[in-house]
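Here is the file final09.cif (mmCIF, C-alpha atoms and all ligand atoms).
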data_entry
loop_
_atom_site.label_atom_id
_atom_site.label_comp_id
_atom_site.auth_asym_id
_atom_site.auth_seq_id
_atom_site.Cartn_x
_atom_site.Cartn_y
_atom_site.Cartn_z
CA MET N 65 11.57 -27.92 -26.49
CA ILE N 66 12.30 -27.93 -22.80
CA ASN N 67 10.98 -25.23 -20.50
CA ASP N 68 13.89 -24.56 -18.25
CA ARG N 69 13.11 -21.03 -17.23
CA PRO N 70 10.22 -20.76 -14.76
CA THR N 71 8.87 -17.45 -16.12
CA GLN N 72 5.37 -17.81 -17.54
CA LEU N 73 2.22 -15.92 -18.42
CA ARG N 74 -0.78 -17.97 -17.36
CA VAL N 75 -4.07 -17.41 -19.15
CA ASN N 76 -7.35 -18.60 -17.64
CA LEU N 77 -9.59 -19.48 -20.58
CA ASP N 78 -12.65 -20.06 -18.42
CA ALA N 79 -12.37 -16.59 -16.93
CA LEU N 80 -12.00 -15.15 -20.41
CA LEU N 81 -15.14 -16.90 -21.65
CA ASN N 82 -17.04 -15.87 -18.51
CA ASN N 83 -16.07 -12.25 -19.15
CA TYR N 84 -17.30 -12.50 -22.73
CA ASN N 85 -20.61 -13.97 -21.61
CA LYS N 86 -21.08 -11.45 -18.80
CA LEU N 87 -20.52 -8.55 -21.20
CA ASN N 88 -22.92 -10.03 -23.71
CA GLU N 89 -25.60 -10.35 -21.08
CA LEU N 90 -24.96 -6.80 -20.00
CA ASN N 91 -25.32 -5.43 -23.52
CA ASN N 92 -28.77 -6.95 -24.11
CA ASN N 93 -27.34 -9.55 -26.42
CA LYS N 94 -25.94 -7.27 -29.02
CA ILE N 95 -23.32 -9.25 -30.86
CA GLY N 96 -20.04 -9.17 -28.98
CA LEU N 97 -17.21 -8.72 -31.44
CA ALA N 98 -14.22 -10.29 -29.73
CA ILE N 99 -11.19 -8.08 -30.25
CA VAL N 100 -8.19 -10.36 -30.64
CA LYS N 101 -5.82 -7.87 -32.25
CA ALA N 102 -2.12 -7.75 -31.40
CA ASP N 103 -2.17 -11.47 -30.66
CA SER N 104 -5.07 -10.99 -28.23
CA TYR N 105 -3.32 -8.13 -26.42
CA GLY N 106 -0.26 -10.36 -26.20
CA LEU N 107 -2.04 -13.28 -24.54
CA GLY N 108 -2.20 -15.48 -27.66
CA ALA N 109 -4.88 -14.99 -30.30
CA LYS N 110 -4.93 -18.48 -31.78
CA VAL N 111 -5.70 -20.31 -28.55
CA ILE N 112 -8.04 -17.62 -27.29
CA ALA N 113 -10.02 -17.30 -30.54
CA ASN N 114 -10.24 -21.06 -30.81
CA HIS N 115 -11.59 -21.31 -27.27
CA LEU N 116 -14.20 -18.63 -27.92
CA TYR N 117 -15.07 -20.29 -31.23
CA GLN N 118 -15.56 -23.68 -29.53
CA ASN N 119 -18.01 -21.90 -27.25
CA GLY N 120 -20.08 -20.36 -29.99
CA VAL N 121 -18.42 -17.01 -30.69
CA ARG N 122 -18.49 -16.20 -34.41
CA HIS N 123 -17.37 -12.56 -34.60
CA PHE N 124 -13.75 -11.49 -34.23
CA ALA N 125 -11.61 -8.47 -35.06
CA THR N 126 -7.90 -7.95 -35.59
CA ALA N 127 -5.77 -4.90 -36.31
CA THR N 128 -4.12 -6.20 -39.48
CA LEU N 129 -4.73 -8.48 -42.44
CA GLU N 130 -1.80 -10.66 -41.35
CA GLU N 131 -3.43 -11.22 -37.97
CA ALA N 132 -6.75 -12.02 -39.62
CA LEU N 133 -5.15 -14.57 -41.96
CA GLU N 134 -3.45 -16.25 -39.04
CA LEU N 135 -6.76 -16.48 -37.20
CA LYS N 136 -8.48 -18.02 -40.18
CA GLU N 137 -6.20 -21.04 -39.71
CA VAL N 138 -8.06 -21.86 -36.49
CA ILE N 139 -11.54 -20.47 -37.02
CA GLN N 140 -13.43 -20.76 -40.27
CA ASP N 141 -17.08 -19.81 -40.48
CA SER N 142 -16.76 -16.56 -38.55
CA MET N 143 -16.68 -12.91 -39.33
CA VAL N 144 -13.14 -11.56 -38.94
CA LEU N 145 -12.92 -7.80 -39.32
CA VAL N 146 -9.62 -6.00 -39.87
CA LEU N 147 -9.88 -2.74 -37.91
CA GLY N 148 -6.88 -1.02 -39.47
CA VAL N 149 -6.26 0.09 -43.06
CA THR N 150 -5.47 -2.73 -45.49
CA ASN N 151 -3.51 -2.08 -48.66
CA PRO N 152 -6.02 -2.35 -51.56
CA LYS N 153 -3.40 -4.36 -53.47
CA ASN N 154 -3.93 -7.19 -50.99
CA ILE N 155 -7.70 -7.40 -50.95
CA LYS N 156 -7.63 -10.71 -52.78
CA TYR N 157 -6.32 -12.31 -49.57
CA ALA N 158 -9.27 -10.87 -47.70
CA ILE N 159 -11.74 -12.10 -50.32
CA GLU N 160 -10.27 -15.60 -50.59
CA ASN N 161 -10.39 -15.99 -46.83
CA ASN N 162 -13.74 -14.32 -46.19
CA ILE N 163 -12.19 -11.51 -44.16
CA SER N 164 -14.04 -8.20 -43.75
CA LEU N 165 -12.14 -4.95 -44.19
CA THR N 166 -12.47 -1.44 -42.84
CA CYS N 167 -13.18 1.24 -45.43
CA PRO N 168 -11.40 4.39 -44.20
CA SER N 169 -11.99 6.70 -47.17
CA ILE N 170 -13.39 7.13 -50.68
CA THR N 171 -9.88 6.87 -52.15
CA TRP N 172 -9.39 3.50 -50.53
CA LEU N 173 -12.76 2.28 -51.78
CA ARG N 174 -12.02 3.42 -55.35
CA GLU N 175 -8.69 1.61 -55.33
CA CYS N 176 -10.40 -1.53 -54.07
CA LEU N 177 -13.03 -1.31 -56.80
CA SER N 178 -10.34 -1.15 -59.43
CA GLU N 179 -8.61 -4.20 -57.90
CA LEU N 180 -12.00 -5.93 -57.79
CA GLU N 181 -12.39 -5.70 -61.57
CA THR N 182 -10.20 -8.77 -61.96
CA LEU N 183 -11.70 -10.63 -59.03
CA ASP N 184 -15.06 -12.31 -59.19
CA LYS N 185 -16.04 -12.33 -55.54
CA LYS N 186 -17.46 -9.69 -53.25
CA LEU N 187 -15.44 -7.70 -50.77
CA LYS N 188 -17.03 -7.33 -47.34
CA ILE N 189 -16.55 -3.90 -45.84
CA HIS N 190 -17.36 -1.94 -42.71
CA VAL N 191 -17.36 1.80 -43.41
CA LYS N 192 -15.51 3.75 -40.72
CA ILE N 193 -16.93 7.11 -39.72
CA ASP N 194 -14.61 9.41 -37.85
CA THR N 195 -16.80 11.01 -35.20
CA GLY N 196 -14.04 12.55 -33.14
CA MET N 197 -11.20 10.10 -32.63
CA GLY N 198 -9.33 11.57 -35.59
CA ARG N 199 -7.58 8.34 -36.49
CA ILE N 200 -9.08 6.62 -39.53
CA GLY N 201 -12.39 7.00 -41.30
CA THR N 202 -14.00 10.10 -42.64
CA SER N 203 -16.52 12.62 -41.34
CA ASP N 204 -16.88 14.57 -44.57
CA VAL N 205 -20.50 14.54 -45.73
CA GLU N 206 -19.70 14.73 -49.44
CA GLU N 207 -17.15 11.94 -49.12
CA LEU N 208 -19.65 9.79 -47.27
CA LYS N 209 -22.24 10.41 -49.99
CA SER N 210 -19.71 9.31 -52.60
CA ILE N 211 -18.91 6.21 -50.58
CA ASP N 212 -22.62 5.47 -50.36
CA ARG N 213 -22.94 5.67 -54.17
CA LEU N 214 -20.03 3.27 -54.68
CA LEU N 215 -21.64 0.79 -52.30
CA ASP N 216 -24.08 0.13 -55.15
CA SER N 217 -21.39 -1.98 -56.77
CA GLU N 218 -22.18 -5.68 -56.93
CA LYS N 219 -18.56 -6.30 -55.96
CA ILE N 220 -19.12 -4.79 -52.53
CA ASP N 221 -20.92 -6.37 -49.61
CA PHE N 222 -21.75 -3.45 -47.30
CA GLU N 223 -21.57 -5.45 -44.09
CA GLY N 224 -21.09 -2.80 -41.44
CA ILE N 225 -20.75 0.80 -40.44
CA PHE N 226 -18.84 1.86 -37.35
CA SER N 227 -17.14 4.51 -35.34
CA HIS N 228 -14.94 4.61 -32.25
CA TYR N 229 -15.32 6.41 -28.91
CA SER N 230 -12.17 8.13 -27.82
CA ASN N 231 -13.21 8.98 -24.28
CA ALA N 232 -15.71 6.34 -23.18
CA ASP N 233 -13.45 5.45 -20.25
CA GLY N 234 -13.47 9.06 -19.05
CA THR N 235 -15.36 10.63 -16.16
CA ASP N 236 -18.20 12.20 -18.12
CA ASP N 237 -20.27 11.44 -21.22
CA ILE N 238 -20.01 14.81 -22.94
CA TYR N 239 -17.67 13.77 -25.71
CA ASP N 240 -19.36 10.37 -26.09
CA ASP N 241 -22.69 12.14 -26.61
CA TYR N 242 -21.12 14.38 -29.21
CA GLN N 243 -19.68 11.36 -31.02
CA THR N 244 -22.94 9.41 -30.77
CA GLU N 245 -24.96 12.25 -32.26
CA ASN N 246 -22.38 12.76 -34.96
CA PHE N 247 -22.44 9.04 -35.80
CA GLU N 248 -26.23 8.90 -35.99
CA GLU N 249 -26.30 11.95 -38.27
CA LYS N 250 -23.73 10.37 -40.57
CA ILE N 251 -25.49 7.00 -40.68
CA LYS N 252 -28.53 8.80 -42.14
CA ILE N 253 -26.47 9.70 -45.21
CA PHE N 254 -26.42 6.06 -46.25
CA THR N 255 -29.25 4.89 -48.44
CA ARG N 256 -29.03 1.29 -47.23
CA LYS N 257 -28.63 -0.26 -43.85
CA PRO N 258 -25.77 -2.66 -43.25
CA LYS N 259 -26.01 -5.78 -41.15
CA TYR N 260 -23.86 -4.43 -38.31
CA ILE N 261 -23.72 -1.00 -36.70
CA HIS N 262 -21.20 -0.52 -33.90
CA ILE N 263 -19.45 2.18 -31.91
CA GLU N 264 -18.81 0.78 -28.42
CA ASN N 265 -15.49 -0.53 -27.15
CA SER N 266 -15.22 -2.23 -23.73
CA ALA N 267 -15.81 1.05 -21.90
CA GLY N 268 -18.83 1.91 -24.05
CA THR N 269 -20.20 -1.62 -23.73
CA VAL N 270 -20.25 -1.36 -19.96
CA LYS N 271 -21.28 2.27 -19.75
CA TYR N 272 -24.11 2.18 -22.28
CA SER N 273 -25.45 -1.26 -21.48
CA ASN N 274 -28.95 0.07 -20.85
CA ARG N 275 -29.09 2.55 -23.68
CA ASP N 276 -31.86 2.26 -26.21
CA ASP N 277 -29.91 2.66 -29.43
CA CYS N 278 -29.62 1.50 -33.03
CA TYR N 279 -26.41 -0.46 -32.54
CA ASN N 280 -26.40 -4.22 -32.75
CA MET N 281 -22.75 -5.03 -32.12
CA THR N 282 -20.21 -4.04 -29.47
CA ARG N 283 -16.45 -4.45 -29.66
CA ILE N 284 -15.06 -6.11 -26.57
CA GLY N 285 -11.32 -5.84 -26.06
CA ILE N 286 -9.61 -5.30 -22.72
CA ALA N 287 -12.65 -6.37 -20.68
CA LEU N 288 -12.45 -9.80 -22.29
CA TYR N 289 -8.98 -10.06 -20.78
CA GLY N 290 -10.32 -9.27 -17.33
CA CYS N 291 -9.35 -5.61 -17.04
CA TYR N 292 -11.51 -2.52 -16.73
CA PRO N 293 -10.67 0.15 -19.31
CA SER N 294 -10.38 2.60 -16.41
CA GLU N 295 -11.25 3.05 -12.76
CA ASN N 296 -14.35 5.02 -13.80
CA ILE N 297 -15.73 2.01 -15.59
CA GLU N 298 -14.92 -0.30 -12.70
CA LYS N 299 -16.69 2.05 -10.28
CA LEU N 300 -19.93 1.81 -12.27
CA ASP N 301 -20.09 -1.64 -10.68
CA LYS N 302 -22.09 -3.09 -13.56
CA VAL N 303 -20.00 -6.16 -14.22
CA ARG N 304 -17.55 -8.19 -12.20
CA LEU N 305 -14.74 -9.14 -14.54
CA GLU N 306 -12.62 -12.18 -13.73
CA PRO N 307 -8.82 -11.80 -13.94
CA VAL N 308 -7.46 -13.71 -16.92
CA ALA N 309 -3.71 -13.19 -16.98
CA THR N 310 -1.10 -13.96 -14.34
CA LEU N 311 2.61 -13.32 -14.74
CA LEU N 312 4.70 -15.69 -12.67
CA SER N 313 8.29 -16.68 -12.15
CA LYS N 314 10.45 -18.32 -9.49
CA VAL N 315 13.43 -17.26 -7.46
CA THR N 316 16.60 -18.68 -9.07
CA HIS N 317 19.19 -17.29 -6.65
CA VAL N 318 19.32 -15.86 -3.12
CA LYS N 319 22.04 -14.05 -1.27
CA LYS N 320 22.48 -12.20 1.98
CA PHE N 321 23.59 -8.59 1.81
CA SER N 322 25.18 -6.61 4.61
CA GLN N 323 24.32 -2.99 5.20
CA GLY N 324 26.01 -0.78 2.58
CA GLU N 325 26.54 -3.51 -0.01
CA LYS N 326 25.43 -2.45 -3.46
CA LEU N 327 23.79 -4.09 -6.42
CA GLY N 328 22.51 -3.51 -9.94
CA TYR N 329 23.63 -1.60 -13.02
CA GLY N 330 24.57 1.95 -12.17
CA VAL N 331 25.04 0.86 -8.55
CA SER N 332 21.32 1.51 -8.30
CA TYR N 333 20.63 0.06 -4.85
CA GLU N 334 22.38 -0.12 -1.52
CA ALA N 335 21.31 -2.40 1.33
CA LYS N 336 20.03 -0.33 4.24
CA GLN N 337 20.60 -3.14 6.71
CA ASP N 338 21.31 -6.83 6.54
CA GLU N 339 19.00 -7.99 3.78
CA TYR N 340 18.12 -10.99 1.64
CA ILE N 341 18.11 -10.36 -2.08
CA ALA N 342 16.48 -12.79 -4.51
CA THR N 343 17.13 -12.88 -8.22
CA VAL N 344 14.23 -13.61 -10.61
CA PRO N 345 14.70 -14.59 -14.27
CA ILE N 346 12.66 -11.92 -16.00
CA GLY N 347 13.74 -8.58 -17.44
CA TYR N 348 13.00 -5.97 -20.01
CA ALA N 349 13.60 -8.41 -22.87
CA ASP N 350 10.54 -10.19 -21.50
CA GLY N 351 8.60 -6.94 -21.40
CA LEU N 352 9.11 -6.38 -17.67
CA LEU N 353 10.08 -2.75 -18.07
CA ARG N 354 12.80 -0.84 -16.23
CA ARG N 355 10.07 1.46 -14.96
CA ALA N 356 8.93 -1.38 -12.66
CA GLN N 357 11.92 -0.74 -10.38
CA GLY N 358 10.58 -0.06 -6.88
CA PHE N 359 7.22 -1.82 -7.35
CA LYS N 360 6.28 -4.42 -4.76
CA ILE N 361 5.54 -7.89 -6.08
CA LYS N 362 4.73 -11.09 -4.20
CA VAL N 363 7.43 -13.58 -3.37
CA GLY N 364 5.55 -16.44 -1.75
CA THR N 365 3.13 -14.54 0.48
CA GLU N 366 5.40 -11.54 1.12
CA ASP N 367 5.31 -8.14 -0.58
CA CYS N 368 8.82 -7.58 -1.88
CA GLU N 369 10.27 -4.54 -3.65
CA ILE N 370 12.08 -4.75 -6.98
CA VAL N 371 15.45 -3.21 -6.10
CA GLY N 372 18.10 -1.87 -8.45
CA ARG N 373 17.59 -1.49 -12.15
CA VAL N 374 15.67 -4.14 -14.01
CA CYS N 375 18.19 -5.95 -16.27
CA MET N 376 17.51 -7.44 -19.70
CA ASP N 377 16.90 -10.96 -18.42
CA GLN N 378 16.82 -10.79 -14.63
CA LEU N 379 15.88 -8.55 -11.75
CA MET N 380 16.44 -8.47 -8.00
CA VAL N 381 13.94 -8.20 -5.15
CA ARG N 382 14.44 -7.51 -1.46
CA CYS N 383 12.97 -10.30 0.65
CA ASN N 384 12.97 -11.54 4.22
CA GLU N 385 15.23 -14.25 5.60
CA ASN N 386 12.81 -17.05 4.69
CA VAL N 387 13.20 -16.60 0.93
CA LYS N 388 14.61 -19.57 -0.94
CA VAL N 389 15.38 -20.70 -4.46
CA GLY N 390 12.19 -21.98 -6.10
CA ASP N 391 9.80 -19.61 -4.30
CA THR N 392 6.99 -18.40 -6.54
CA VAL N 393 7.11 -14.78 -7.71
CA LEU N 394 3.86 -13.10 -8.73
CA PHE N 395 4.02 -9.88 -10.77
CA TYR N 396 0.30 -9.54 -11.43
CA GLY N 397 -2.81 -11.67 -11.47
CA GLU N 398 -3.75 -14.40 -9.02
CA HIS N 399 -1.94 -17.51 -7.90
CA ASN N 400 -2.38 -19.79 -4.88
CA GLY N 401 -4.57 -17.28 -3.09
CA GLN N 402 -2.11 -14.43 -3.67
CA ARG N 403 -3.09 -11.45 -5.75
CA VAL N 404 -1.36 -8.46 -7.34
CA SER N 405 -3.54 -6.01 -9.24
CA ILE N 406 -2.45 -5.44 -12.82
CA ASP N 407 -3.91 -1.94 -12.59
CA ASP N 408 -1.63 -1.14 -9.64
CA PHE N 409 1.30 -2.63 -11.53
CA ALA N 410 0.41 -0.56 -14.62
CA SER N 411 -0.28 2.73 -12.85
CA TYR N 412 2.98 2.46 -10.91
CA GLN N 413 4.64 2.47 -14.32
CA ASP N 414 2.51 5.33 -15.58
CA THR N 415 0.68 3.20 -18.06
CA ILE N 416 -2.42 1.04 -18.57
CA SER N 417 -3.03 -2.70 -18.45
CA TYR N 418 -3.28 -2.77 -22.27
CA GLU N 419 0.36 -1.77 -22.63
CA ILE N 420 1.53 -4.08 -19.85
CA PHE N 421 -0.01 -7.08 -21.66
CA CYS N 422 1.22 -6.09 -25.10
CA CYS N 423 4.79 -5.66 -23.86
CA ILE N 424 5.19 -9.26 -22.73
CA SER N 425 7.55 -10.68 -25.31
CA LYS N 426 7.62 -13.97 -27.19
CA ARG N 427 10.26 -15.34 -24.83
CA VAL N 428 7.69 -15.69 -22.06
CA LEU N 429 5.91 -19.02 -22.18
CA ARG N 430 2.11 -18.74 -22.31
CA ILE N 431 0.30 -21.40 -20.32
CA TYR N 432 -3.43 -21.85 -20.90
CA TYR N 433 -5.68 -23.47 -18.38
CA LYS N 434 -9.33 -24.20 -17.73
CA ASN N 435 -10.96 -24.91 -14.38
CA LYS N 436 -7.50 -24.97 -12.80
CA MET N 437 -6.41 -27.73 -15.19
CA GLU N 438 -3.49 -27.08 -17.47
CA LEU N 439 -4.13 -27.74 -21.15
C1 LIG I 501 -8.71 -1.93 -29.89
C2 LIG I 501 -10.01 -1.51 -30.36
C3 LIG I 501 -11.16 -1.84 -29.64
C4 LIG I 501 -11.14 -2.50 -28.30
O1 LIG I 501 -10.91 -1.54 -27.29
P1 LIG I 501 -10.98 -1.95 -25.75
O2 LIG I 501 -10.82 -0.67 -25.03
O3 LIG I 501 -9.83 -2.87 -25.53
O4 LIG I 501 -12.26 -2.61 -25.55
C5 LIG I 501 -12.39 -1.51 -30.21
N1 LIG I 501 -12.47 -0.88 -31.39
C6 LIG I 501 -11.38 -0.53 -32.10
C7 LIG I 501 -11.55 0.16 -33.41
C8 LIG I 501 -10.12 -0.82 -31.61
O5 LIG I 501 -9.04 -0.46 -32.31
#
Mind converting the file's structure to structure tokens?
Ligand SMILES: *Cc1c(COP(=O)(O)O)cnc(C)c1O
Amino acid sequence: MINDRPTQLRVNLDALLNNYNKLNELNNNKIGLAIVKADSYGLGAKVIANHLYQNGVRHFATATLEEALELKEVIQDSMVLVLGVTNPKNIKYAIENNISLTCPSITWLRECLSELETLDKKLKIHVKIDTGMGRIGTSDVEELKSIDRLLDSEKIDFEGIFSHYSNADGTDDIYDDYQTENFEEKIKIFTRKPKYIHIENSAGTVKYSNRDDCYNMTRIGIALYGCYPSENIEKLDKVRLEPVATLLSKVTHVKKFSQGEKLGYGVSYEAKQDEYIATVPIGYADGLLRRAQGFKIKVGTEDCEIVGRVCMDQLMVRCNENVKVGDTVLFYGEHNGQRVSIDDFASYQDTISYEIFCCISKRVLRIYYKNKMEL
């Protein structure tokens, strides 16, 4: 395959590993569960997990069984936990591939036990307690007691128990404290202790790094990819994350506009004076959303506004007279000493870095590099 189009998402694997290690140091060496769901937030789970694996990481989590199975092609002797709900009919795939599943309810566990009757291996599970997120897991005491009784089964390997903060990136700890207390109460219901107990996401990992608690694992997602879960977490100034992802393209066309000339679908922009307009081959089919219209990106070393509506495959930017075909365009990240903050890019579009990453479509080439060397 040739790579004709210059649009690419560059992923710095060294920065990613440094972030992982920094967070692990910060959390007193609790086990850092590397969250590589949704294809590592769109950055490419296979390459990223393999790189972490080569550097000693042995604990990973995905959102789905499909993602976990794909990961198992590149990493073997590691824990891979599926964070979402898996259909009990498919647990044999989890068992055959040594994948750990989330137990969201007693009903789910019962269905698994009936599937397990015809299977002769153990199913590894992490019981999910809902402490206030309201998504999956249960908070019902009777249900938790019933789950605990079923964990007696020799077909079940009770590997973990976990919950999820819903507001750890917020400005205060009130709801976190409520969830923490709730979690610790619920853990007491269980008559045995699993290997792993975890509740912290990236925000919690940073925020509660000095807490004396009973948890021995933290789940590191967005921070691995070089972004703070929120400004509040960044302001704590506990860890300096290194940017991992950079979205780049190049100018493919330039033209001079006279005052009053118009461009874009819906005649969405009119030149205010004589202007130079550059066209860049990226659009909403690449995950560069229409909401980005008006944001200033870097063309070479200049800040240039995206003008007119973002098209499916291309967009236009207003530049100065020096712009030429082949000039580098930086949407976010760092390149050649230039920098555009992904958080600024995301907040301009009323969203968060997580969504910006996940939107980048398959059409955009991912380039991985280490120590400035391309792989
Ligand atoms: C996605 C996810 C995480 C990671 O969250 P970050 O904010 O990216 O660190 C952790 N735990 C669960 C259950 C998740 O779904």
Wanna dump the chain N-ligand LIG 501 (chain I) contacts at 6 Å for me, each residue with its shortest atom pair and the distance in Å to one decimal, counting all atoms listed in the file, ordered by chain and number, as CSV?
residue,atom,partner,partner_atom,distance
N:Ile99,CA,I:LIG501,C4,5.9
N:Leu147,CA,I:LIG501,C7,5.6
N:His228,CA,I:LIG501,C7,5.7
N:Asn265,CA,I:LIG501,O4,4.2
N:Ser266,CA,I:LIG501,O4,3.5
N:Arg283,CA,I:LIG501,C5,5.0
N:Ile284,CA,I:LIG501,O4,4.6
N:Gly285,CA,I:LIG501,O3,3.4
N:Ile286,CA,I:LIG501,O3,3.7
N:Pro293,CA,I:LIG501,O2,5.8
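Atom to atom, atom CA of Leu180 of chain N and atom CA of Asp221 of chain N stand 12.1 Å apart.
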>> Give me, as an MDAnalysis selection string, all polymer residues having an atom no more than 12 Å from Lys426 of chain N, counting only C-alpha atoms and skipping those fewer than 5 positions away in the same chain.
In response: chainID N and resid 71:73 103 106:108 349:351 421
* **Residues near Thr182 of chain N, cut-off 12 Å, all atoms listed in the file, skip fewer than 3 positions along chain, as a PyMOL selection string** => chain N and resi 153+155-156+176-179+185-186+219
Those same residues - C-alpha atoms - I'd like them written as a PDB file, in the coordinates of the input.
ATOM      1  CA  LYS N 153      -3.400  -4.360 -53.470  1.00  0.00           C
ATOM      2  CA  ILE N 155      -7.700  -7.400 -50.950  1.00  0.00           C
ATOM      3  CA  LYS N 156      -7.630 -10.710 -52.780  1.00  0.00           C
ATOM      4  CA  CYS N 176     -10.400  -1.530 -54.070  1.00  0.00           C
ATOM      5  CA  LEU N 177     -13.030  -1.310 -56.800  1.00  0.00           C
ATOM      6  CA  SER N 178     -10.340  -1.150 -59.430  1.00  0.00           C
ATOM      7  CA  GLU N 179      -8.610  -4.200 -57.900  1.00  0.00           C
ATOM      8  CA  LYS N 185     -16.040 -12.330 -55.540  1.00  0.00           C
ATOM      9  CA  LYS N 186     -17.460  -9.690 -53.250  1.00  0.00           C
ATOM     10  CA  LYS N 219     -18.560  -6.300 -55.960  1.00  0.00           C
TER      11      LYS N 219
END
For this session: Please provide the set of residues having any atom within 9 Å of segment 80-94 of chain N, restricted to all atoms listed in the file, with same-chain residues fewer than 6 positions apart removed, written as a PyMOL selection string.
Result: chain N and resi 112+115-116+119+266+269-270+272-275+279-282+284+287-290+302-308
- [ ] Write out as an MDAnalysis selection string the residues lying within 7 Å of Ser164 of chain N, counting only C-alpha atoms and excluding same-chain residues fewer than 3 positions away.
- [x] chainID N and resid 143:146 158 188:189
Okay, now the selection with C-alpha atoms, as a PDB file, keeping the file's coordinate frame?
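Saved the output as result09.pdb:
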ATOM      1  CA  MET N 143     -16.680 -12.910 -39.330  1.00  0.00           C
ATOM      2  CA  VAL N 144     -13.140 -11.560 -38.940  1.00  0.00           C
ATOM      3  CA  LEU N 145     -12.920  -7.800 -39.320  1.00  0.00           C
ATOM      4  CA  VAL N 146      -9.620  -6.000 -39.870  1.00  0.00           C
ATOM      5  CA  ALA N 158      -9.270 -10.870 -47.700  1.00  0.00           C
ATOM      6  CA  LYS N 188     -17.030  -7.330 -47.340  1.00  0.00           C
ATOM      7  CA  ILE N 189     -16.550  -3.900 -45.840  1.00  0.00           C
TER       8      ILE N 189
END
Closest of N:Asp367, N:Asp377, N:Glu325, N:Glu181 to Pro345 of chain N, counting only C-alpha atoms, is N:Asp377
Atoms are missing here; could segment 126-137 of chain N be completed with N, CA, C and O atoms and written as a PDB file, in the frame of the given file?
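Dumped to result36.pdb:
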ATOM      1  N   THR N 126      -9.345  -8.087 -35.738  1.00  0.00           N
ATOM      2  CA  THR N 126      -7.900  -7.950 -35.590  1.00  0.00           C
ATOM      3  C   THR N 126      -7.508  -6.546 -36.043  1.00  0.00           C
ATOM      4  O   THR N 126      -8.335  -5.807 -36.587  1.00  0.00           O
ATOM      5  N   ALA N 127      -6.243  -6.207 -35.854  1.00  0.00           N
ATOM      6  CA  ALA N 127      -5.770  -4.900 -36.310  1.00  0.00           C
ATOM      7  C   ALA N 127      -5.299  -4.967 -37.758  1.00  0.00           C
ATOM      8  O   ALA N 127      -5.414  -3.993 -38.500  1.00  0.00           O
ATOM      9  N   THR N 128      -4.755  -6.116 -38.157  1.00  0.00           N
ATOM     10  CA  THR N 128      -4.120  -6.200 -39.480  1.00  0.00           C
ATOM     11  C   THR N 128      -4.628  -7.408 -40.266  1.00  0.00           C
ATOM     12  O   THR N 128      -5.168  -8.365 -39.697  1.00  0.00           O
ATOM     13  N   LEU N 129      -4.373  -7.352 -41.568  1.00  0.00           N
ATOM     14  CA  LEU N 129      -4.730  -8.480 -42.440  1.00  0.00           C
ATOM     15  C   LEU N 129      -3.909  -9.722 -42.070  1.00  0.00           C
ATOM     16  O   LEU N 129      -4.432 -10.835 -42.052  1.00  0.00           O
ATOM     17  N   GLU N 130      -2.639  -9.522 -41.755  1.00  0.00           N
ATOM     18  CA  GLU N 130      -1.800 -10.660 -41.350  1.00  0.00           C
ATOM     19  C   GLU N 130      -2.398 -11.380 -40.148  1.00  0.00           C
ATOM     20  O   GLU N 130      -2.469 -12.614 -40.120  1.00  0.00           O
ATOM     21  N   GLU N 131      -2.830 -10.604 -39.174  1.00  0.00           N
ATOM     22  CA  GLU N 131      -3.430 -11.220 -37.970  1.00  0.00           C
ATOM     23  C   GLU N 131      -4.708 -11.964 -38.334  1.00  0.00           C
ATOM     24  O   GLU N 131      -4.968 -13.052 -37.815  1.00  0.00           O
ATOM     25  N   ALA N 132      -5.483 -11.386 -39.221  1.00  0.00           N
ATOM     26  CA  ALA N 132      -6.750 -12.020 -39.620  1.00  0.00           C
ATOM     27  C   ALA N 132      -6.476 -13.346 -40.333  1.00  0.00           C
ATOM     28  O   ALA N 132      -7.150 -14.351 -40.085  1.00  0.00           O
ATOM     29  N   LEU N 133      -5.469 -13.352 -41.216  1.00  0.00           N
ATOM     30  CA  LEU N 133      -5.150 -14.570 -41.960  1.00  0.00           C
ATOM     31  C   LEU N 133      -4.682 -15.672 -41.009  1.00  0.00           C
ATOM     32  O   LEU N 133      -5.027 -16.842 -41.178  1.00  0.00           O
ATOM     33  N   GLU N 134      -3.917 -15.278 -40.011  1.00  0.00           N
ATOM     34  CA  GLU N 134      -3.450 -16.250 -39.040  1.00  0.00           C
ATOM     35  C   GLU N 134      -4.622 -16.863 -38.259  1.00  0.00           C
ATOM     36  O   GLU N 134      -4.661 -18.056 -38.008  1.00  0.00           O
ATOM     37  N   LEU N 135      -5.585 -16.011 -37.935  1.00  0.00           N
ATOM     38  CA  LEU N 135      -6.760 -16.480 -37.200  1.00  0.00           C
ATOM     39  C   LEU N 135      -7.582 -17.460 -38.013  1.00  0.00           C
ATOM     40  O   LEU N 135      -8.130 -18.423 -37.487  1.00  0.00           O
ATOM     41  N   LYS N 136      -7.661 -17.176 -39.309  1.00  0.00           N
ATOM     42  CA  LYS N 136      -8.480 -18.020 -40.180  1.00  0.00           C
ATOM     43  C   LYS N 136      -7.958 -19.458 -40.228  1.00  0.00           C
ATOM     44  O   LYS N 136      -8.649 -20.360 -40.673  1.00  0.00           O
ATOM     45  N   GLU N 137      -6.723 -19.666 -39.771  1.00  0.00           N
ATOM     46  CA  GLU N 137      -6.200 -21.040 -39.710  1.00  0.00           C
ATOM     47  C   GLU N 137      -6.890 -21.829 -38.599  1.00  0.00           C
ATOM     48  O   GLU N 137      -6.919 -23.050 -38.637  1.00  0.00           O
TER      49      GLU N 137
END
